[in-house]
Every structure is written in structure tokens, then in C-alpha cells.
Amino acid sequence: MRHFGQMAPEVRKRLFHQEPCSFTADSPARLLSAALGATLYSPATRPNLAGDILKQGARGVVSMVLCLEDSIDDAEVPFGEANLVRHLTDLAERSGDGVPLLFVRVRTPEQIPDLVRRLGPAVRLLSGFVLPKFTEERGVPFLEALTAAEAATGRRLFAMPVLESPDLLYRESRVQTLEGIFRAVDKYRDRVLALRLGVTDFCSSYGLRRGPDMTAYDVQIVASVIADVVNMLARADGTGFTVTGPVWEYFRVQERMFKPQLRQSPFLEGQAVELRQKLIEHSMDGLLREISLDRANGLLGKTCIHPSHVLPVHALSVVSHEEFSDAQDILRPERCGGGVMRSAYTNKMNEVKPHRAWAERTLLRAEVFGVANEDIGFVELLAAGLSD
């Protein structure tokens with residue numbers, strides 16, 4: 001699989017200076033954690049679950065979570081488990097081609113070995129499990145169950161803990177909770193692919209819900225948690241983990257769109273009115289601002305609950321030609337001793353030592369999401385995706 005693989009080769013050639021790389025579920029963890037992109041959540045109870053997985057994979061989704069937790073009623077759990085096993089078994093029997101990275105969001109540690117046993121050979125389609133309301137005390141049994149299931153099957157299985165506990169939100173317990181989370185995930189570092197933020201649960205603890213014109217960073221109590229999670233769990237010194245962006249709850253919202261950018265885009269000149277309108281309808285200011293703020297605050301990838309969110313997340317994850325140029329300059333071997341230089345675009349200072357970690361992360365993102373051509377921006381990438 002690869003990002004933007006649903007696009008025709010000639011379209012990718014026009015858009016990309018460096019095309020996204022191909023990867024599989026067996027690729028190195030460092031690559032996969034960066035490549036997760038827009039992780040689409042789906043209730044495990046969906047009647048055509050196998051068909052939905054294949055359809056979303058064909059549309060550019062590279063990671064999905066099949067949810068047995070908050071997205072379904074308590075009474076639906078037995079049906080959801082049986083439905084998930086049946087549909088993944090069906091997919092495996094069809095060869096499993098075109099299947100994104102698949103994770104199951106469970107409720108209890110006991111579900112992990114039980115589902116693995118029931119899946120049998122179809123477990124090869126699973127990349128791992130999403131662990132809810134993760135703290136040290138609650139999370140370790142999940143990690144132990146995952147490790148045991150991995151040993152029993154011989155299949156590499158990753159964990160994606162969700163940070164959403166009230167203990168993480170409350171000021172008086174936050175640092176202690178984060179220290180415990182770090183101890184747990186550090187012990188199982190090779191099995192932890194990424195940490196996910198459960199911002200909806202954070203808001204619920206205070207009876208809050210952000211509107212479609214507000215980002216998670218506009219809700220100060222949520223923004224403070226994100227800052228502390230990044231501070232303690234996402235450091236660039238080799239101790240950190242990939243942390244993904246919070247879910248965006250809205251879709252098909254009537255908002256002010258990016259009309260100035262559309263008017264200024266030479267790519268859209270002379271294109272059909274229908275394409276312009278389609279682009280406008282699919283653009284959501286709040287979502288786009290939040291994706292940009294995610295990256296500015298050290299997050300990579302995003303939890304998504306609607307397919308219309310996937311393309312904007314991926315389009316905004318593509319490395320610009322300018323970013324790529326700066327990162328390459330900073331990491332040139334002859335500059336390993338440090339120093340300062342003017343960027344090739346002559347609009348900023350690149351300081352080798354302070355910007356090194358940023359450059360390394362940028363080149364990793366460039367590997368999985370690609371580098372746009374010099375005259376290509378977000379609007380062109382989004383428009384090309386919508387026209388497929």
C-alpha cells in the first residue's frame with residue numbers, strides 16, 4: 001500500500017517531486033507509525049464490514065480501527081465480536097489484498113487472546129489492538145495480553161494505547177499519570193506503534209463539546225493536556241513515541257470555506273464548476289486548521305470518524321518542496337558540525353543543530369507521504385484526490 005496510491009501514475013507524477021513510498025504491514029515500526037495517516041474508525045457491528053474495509057482501502061485509507069468499545073452499545077459486544085471474526089475470515093479467504101492496516105479497539109484485556117483464537121489464520125490481517133482509557137495500572141494487563149497473543153500466533157501485533165483517562169486530565173494527577181504511562185509503554189516499546197489522544201473523553205469530564213468552528217487547541221483545558229502529553233511522551237531525544245491527533249467530530253458542515261485559495265490556484269483555472277463546488281463542499285475550515293495545529297504541536301496522523309476527513313489529513317501531511325529543501329540542507333553530512341545558513345528559498349534561517357530533529361522527522365514524513373512539486377500546494381492535492 002502507499003499514500004495516494006488510488007491516484008493514476010500520471011497524476012502522481014504531476015503532483016509529486018518525490019512520490020510516497022510503498023509499505024506493508026510487515027514494514028519497520030518507525031515507518032508504519034509515521035504512515036498511519038488518517039486512521040478511520042468503524043463500528044465492528046457494520047453489516048458489510050468486509051466490503052467497507054475494501055472500499056475504504058481503494059479510496060486511500062491505509063489504517064482502520066474496528067471498534068468494539070465506545071462506538072457500540074454494551075449489549076452489542078457479542079454480536080460485534082462475531083461479526084468482526086466472520087468478516088475478517090471472509091477477507092482472509094479472499095487473499096486479503098487491498099486491506100489497510102487493521103486494528104481492533106477492545107474493551108478488556110481478555111478480548112485480545114479470545115479474538116486471536118477465534119480468528120485463527122485470519123489473524124494475519126490484524127496489525128494490532130487499540131487499548132482504551134490507558135493508564136499504567138489499567139494498561140499493563142492489555143500489553144501483557146497482547147504480548148502473549150503475539151507469542152502464541154507468531155504474528156507481530158502492535159498496541160495503540162488511547163490516552164483519555166480523567167486522571168490524565170485533572171491537574172493534580174496529570175504528571176503522576178503521565179509518568180506511569182511512560183513506564184508502561186517504555187517497557188513494551190517495541191510493541192507500541194503510536195499513542196492516540198481521546199479528546200472527546202477529555203471534554204466529557206467537564207461537559208464540554210467544541211463547535212465546528214473551533215479546534216481542540218481552542219479548548220484550553222484540552223490544549224494543556226495535549227501540550228503535556230507531547231512534553232513527556234513525544235520527545236525527539238529517542239525516548240518519545242508517535243502521538244496522533246484527536247478526532248474531528250463534524251462532517252458535511254456548512255462553513256466558510258477556503259475560497260480565496262481556490263481563486264488563487266492556477267491548477268483549477270478552466271476546470272469544471274462541479275469540481276470547484278465539490279472541493280468547496282469537502283473543505284472544512286475547522287478540520288483543516290486543526291490538522292495544521294496538530295503538526296505544529298508535534299502530532300502526526302489523526303483519528304477520523306468519517307471518510308471525508310481522510311483526504312484532507314493526507315493532503316496536509318505531504319511535505320512541501322520548501323520543507324524538503326530545508327530538511328535536506330540541514331542534514332547534509334558536511335554540515336554535521338553545526339552552523340547557520342540561509343535557506344534555498346532565501347526566506348528563513350536554517351540552524352543545523354536546533355533544526356536537526358525537525359529535519360529528520362520531515363524526511364520521514366516525506367518518505368511516507370511524498371514531497372509536492374514546487375508549484376503544488378494543499379488545494380491541488382485535495383482537488384486531484386476529489387476528482388478521482
# chains A, B, ... in the order shown; residues from 1 in each chain; ligands from 1

call {"tool": "select_by_dssp", "arguments": {"residues": "stretch 78-201 of chain A", "states": "strand (DSSP E or B)", "output": "number ranges by chain"}}
result
A: 101-105, 126-131, 158-163, 192, 195-197

call {"tool": "residues_around", "arguments": {"residues": "A:His355", "least_positions_apart": "2", "cutoff": "12 Å", "atoms": "only C-alpha atoms", "output": "list in words"}}
result
Ala236, Glu323, Asp326, Ala327, Gln328, Asp329, Ile330, Leu331, Cys336, Gly338, Gly339, Val340, Met341, Met349, Asn350, Glu351, Val352, Lys353, Ala357, Trp358, Ala359, Glu360, Arg361 and Thr362 of chain A

call {"tool": "residues_around", "arguments": {"residues": "A:Gly139", "least_positions_apart": "2", "cutoff": "12 Å", "atoms": "only C-alpha atoms", "output": "PyMOL selection string"}}
result
chain A and resi 106-109+130-137+141-146+159-165+177+180-185+187-188+192

call {"tool": "residues_around", "arguments": {"residues": "stretch 69-82 of chain A", "least_positions_apart": "2", "cutoff": "12 Å", "atoms": "only C-alpha atoms", "output": "PyMOL selection string"}}
result
chain A and resi 41-47+49+65-67+84-89+104-108+111-112+114-119+129-133+162+198+200-201+305

call {"tool": "select_by_dssp", "arguments": {"residues": "stretch 38-202 of chain A", "states": "helix (DSSP H, G or I)", "output": "MDAnalysis selection string"}}
result
chainID A and resid 49:58 74:93 111:125 136:153 166:169 171:187 189:191 199:202

call {"tool": "atom_distance", "arguments": {"atom1": "atom CA of A:Ser22", "atom2": "atom CA of A:Ser308"}}
result
23.0 Å

call {"tool": "closest_residue", "arguments": {"among": "A:Pro212, A:Gly245, A:Gly286, A:Gly385", "to": "A:Thr303", "atoms": "only C-alpha atoms"}}
result
A:Gly245

call {"tool": "residues_around", "arguments": {"residues": "A:Arg289", "least_positions_apart": "4", "cutoff": "9 Å", "atoms": "only C-alpha atoms", "output": "ChimeraX atom specification"}}
result
/A:214-215,284-285,293-294

call {"tool": "atom_distance", "arguments": {"atom1": "atom CA of A:Arg12", "atom2": "atom CA of A:Asp52"}}
result
25.2 Å

call {"tool": "residues_around", "arguments": {"residues": "A:Ala58", "least_positions_apart": "2", "cutoff": "12 Å", "atoms": "only C-alpha atoms", "output": "JSON, numbers by chain"}}
result
{"A": [1, 2, 3, 4, 5, 6, 7, 51, 52, 53, 54, 55, 56, 60, 61, 62, 63, 97, 98, 99, 100, 307, 388]}

call {"tool": "write_last_selection", "arguments": {"atoms": "C-alpha atoms", "output": "mmCIF file, in the first residue's frame"}}
result
data_model
loop_
_atom_site.group_PDB
_atom_site.id
_atom_site.type_symbol
_atom_site.label_atom_id
_atom_site.label_comp_id
_atom_site.auth_asym_id
_atom_site.auth_seq_id
_atom_site.Cartn_x
_atom_site.Cartn_y
_atom_site.Cartn_z
ATOM 1 C CA MET A 1 0.000 0.000 0.000
ATOM 2 C CA ARG A 2 1.012 3.619 -0.353
ATOM 3 C CA HIS A 3 -0.487 7.028 0.263
ATOM 4 C CA PHE A 4 -2.227 8.449 -2.804
ATOM 5 C CA GLY A 5 -1.953 5.028 -4.415
ATOM 6 C CA GLN A 6 -5.548 5.430 -5.591
ATOM 7 C CA MET A 7 -4.390 8.159 -7.974
ATOM 8 C CA GLY A 51 -16.876 -4.648 1.921
ATOM 9 C CA ASP A 52 -16.440 -1.381 3.825
ATOM 10 C CA ILE A 53 -12.793 -2.207 4.555
ATOM 11 C CA LEU A 54 -12.040 -2.936 0.910
ATOM 12 C CA LYS A 55 -13.939 0.151 -0.274
ATOM 13 C CA GLN A 56 -12.060 2.472 2.056
ATOM 14 C CA GLY A 60 -6.830 5.785 0.005
ATOM 15 C CA VAL A 61 -7.355 4.739 3.633
ATOM 16 C CA VAL A 62 -4.223 2.988 4.903
ATOM 17 C CA SER A 63 -5.218 2.365 8.545
ATOM 18 C CA ASP A 97 -5.312 -7.884 -1.000
ATOM 19 C CA GLY A 98 -6.228 -4.198 -0.716
ATOM 20 C CA VAL A 99 -6.751 -4.383 3.046
ATOM 21 C CA PRO A 100 -5.443 -1.393 5.076
ATOM 22 C CA PRO A 307 -14.262 9.057 5.188
ATOM 23 C CA ASP A 388 -10.505 10.535 -8.824
#
